[in-house]
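Colleague: Got a structure here, written out as structure tokens. Questions coming.
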Amino acid sequence: MADIPSLYQSYQQALAERGNWESVWQECYAYALPTRETTFAPSSGKVPGLYDATAMDATDRLAALMLSELTPPWVEWFHLTAGAELSDGEKVQIAPSLGKISQKLQMHLDRSNFSTEIHQCYLDLVTVGTACLLFEEAPIGSNSAFKFTAVPLNEICLAEGPSGRLDKVFRTFQMDEDAFVAKFGIQKLPKRDSDDKSPLRIIEALIPRVKGGYDYIAFLDPNSQLIPSDDTQESPFLLRETYYTTSPFIAFRWLKAPGETYGRSPVMKALPDIKTANKVVELILKNATIAVTGIWLAEDDGVLNPANINLTPGAIIPKAVGSKGLTPLESPGKFDVSQLVIKDLRERIRHALLGDKLGTVCDEMKMTATEVLERTEEMIRILGATYGRLQSELLTPLIERAVNILRKRGEIHEIFLDGQLLNITYKSPRAENQAQKDAQKALAWLAAVGGMGQEALSKMNVPEVLKWLTDKMGLPANFIQQPEVIQ
């Protein structure tokens, strides 16, 4: 039986640690993703007026890049392969079965809402550096066995478990009575006044075990002043307790500093430039308004009081009869630096969010194929650490969870991704780019060997070369004849 007071205390500690980041997250969302529901507390700062959309556009572009690079929709971006410990004969035997399992996994992902929800997670990842995806099993009879939900960051508190991943999760959300009964049953509905129709506050806790697996506990918020219906149970606030082999909450980060729990994002790095650019555009627009509407002088018999002067568009400033009124101090030369400043700020924002690596194709600037390849290679080098972290914290747990659900349903065989007998090979555009480079080197080597004559060609292991090239180029294995396995 779960210890609700101890769990609630752990939740409060995680909530206090999250509080150190909330003000920064609020600013990042306000300037880069203002439409996201991100209120962390009633005292959160007011959303500033937005005048420059550079950060919002760069955030959308980078999130779309992550989607197309890591988990492209309707494209097979992973494949199950035999491990190194298996013999060649065993690999040949299980290859067709693994291919069918990979296709079934991809089919369920394509039929689900995965692409929609993971894109929202990428937006959170680019904006605040941390995102969380809820991976549940869909009801029997649905189009897909998978159901995904992008969990807003203001609903969750995270902590690292024994594995070093963000797999210790607390989620707080509210439910009305109908949704509560559908999820937990009428016997769990707490007692309250008949006129009280306020949502019920639920806390979910996912605690990793040392030897593997996760304990899931759902309970009512002890501070909600609600009386559970069943007063005889040992833990009156407990709603559900179960065990998961794989975590339904997949939390991942852009990058992290040593000793920190939550991630850091490219928007955080560019936040000073984003705020400055927004202020510069605001001042430019105010100056433009004054230039259009003007500031006017009117004669007055009184004495000019500078404290009463308000320099706003369309203002009328009184002046004494016969006087020159308010006279500006003329500078020796006129030089408008605002456009230079805003151009430099926007370039730095796009650079921080990788918007300048592949520019928009236009008639004035057409890049050569070599330049495109070099820019792509530079982007891969910059994102190398991020891709590595996302592969460990997002892609691998995602496939493991998907395999676990289909295995439990009986749709696939009893397989386990242990990294020794079975591996996951990722076929994202980034991985394929490296494979294409390897294939180009091999083709250049083949051309060099062919130039040495027939004697050099006779030393080549042609079946292995064909197999290696077929794999690197991402072509089907049945393009070449498979050797017969002697029973």
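Going by the structure tokens order, chains are called A, B, ..., each with residues numbered from 1, while ligands are numbered from 1 in the order shown.
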If we count only C-alpha atoms, what is near range 345-354 of chain A at a cut-off of 9 Å, once residues fewer than 4 positions away on the same chain are taken out, given as a PyMOL selection string?
Modeller: chain A and resi 54-55+58-59+61-62+126+266-267+269-271+273-274+276-277+340-341+358+379
Colleague: May I have the residues within 9 Å of Phe114 in chain A as a VMD selection string, using only C-alpha atoms and disregarding those fewer than 6 positions away in the same chain?
Modeller: chain A and resid 73 146 to 149
Colleague: How about saving the chosen residues, N, CA and C atoms kept, as a compact mmCIF listing (two decimals), in the first residue's frame?
Modeller:
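again.txt, written as the output of this step:
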# COMPACT_ATOMS: atom_id res chain seq x y z
N PRO A 73 6.96 11.94 -40.09
CA PRO A 73 5.69 11.23 -40.26
C PRO A 73 5.68 10.38 -41.53
N PHE A 146 -1.88 2.67 -29.78
CA PHE A 146 -1.16 3.71 -29.04
C PHE A 146 -2.00 4.97 -28.93
N LYS A 147 -1.83 5.64 -27.81
CA LYS A 147 -2.45 6.94 -27.57
C LYS A 147 -1.43 7.85 -26.92
N PHE A 148 -1.23 9.05 -27.48
CA PHE A 148 -0.20 9.97 -27.01
C PHE A 148 -0.83 11.27 -26.53
N THR A 149 -0.18 11.88 -25.54
CA THR A 149 -0.60 13.18 -25.03
C THR A 149 0.64 14.00 -24.69
Colleague: Extract the full set of strand (DSSP E or B) residues from range 121-324 of chain A according to DSSP on the backbone, and format it as JSON, numbers by chain.
Modeller: {"A": [130, 131, 132, 133, 134, 135, 136, 137, 146, 147, 148, 149, 150, 156, 157, 158, 159, 168, 169, 170, 171, 172, 173, 174, 175, 191, 200, 201, 202, 203, 204, 205, 206, 207, 208, 214, 215, 216, 217, 218, 219, 220, 227, 238, 239, 240, 241, 242, 243, 244, 249, 250, 251, 252, 253, 255, 264, 296, 297, 298, 299, 300, 316, 317, 318, 319, 320]}
Colleague: Write out as a PyMOL selection string the residues lying within 8 Å of Gly212 in chain A, counting only C-alpha atoms and excluding same-chain residues fewer than 3 positions away.
Modeller: chain A and resi 208-209+245
Colleague: Could you work out how far CA of Tyr244 in chain A lies from CA of Asp215 in chain A, giving the answer in Å with one decimal?
Modeller: 6.4 Å
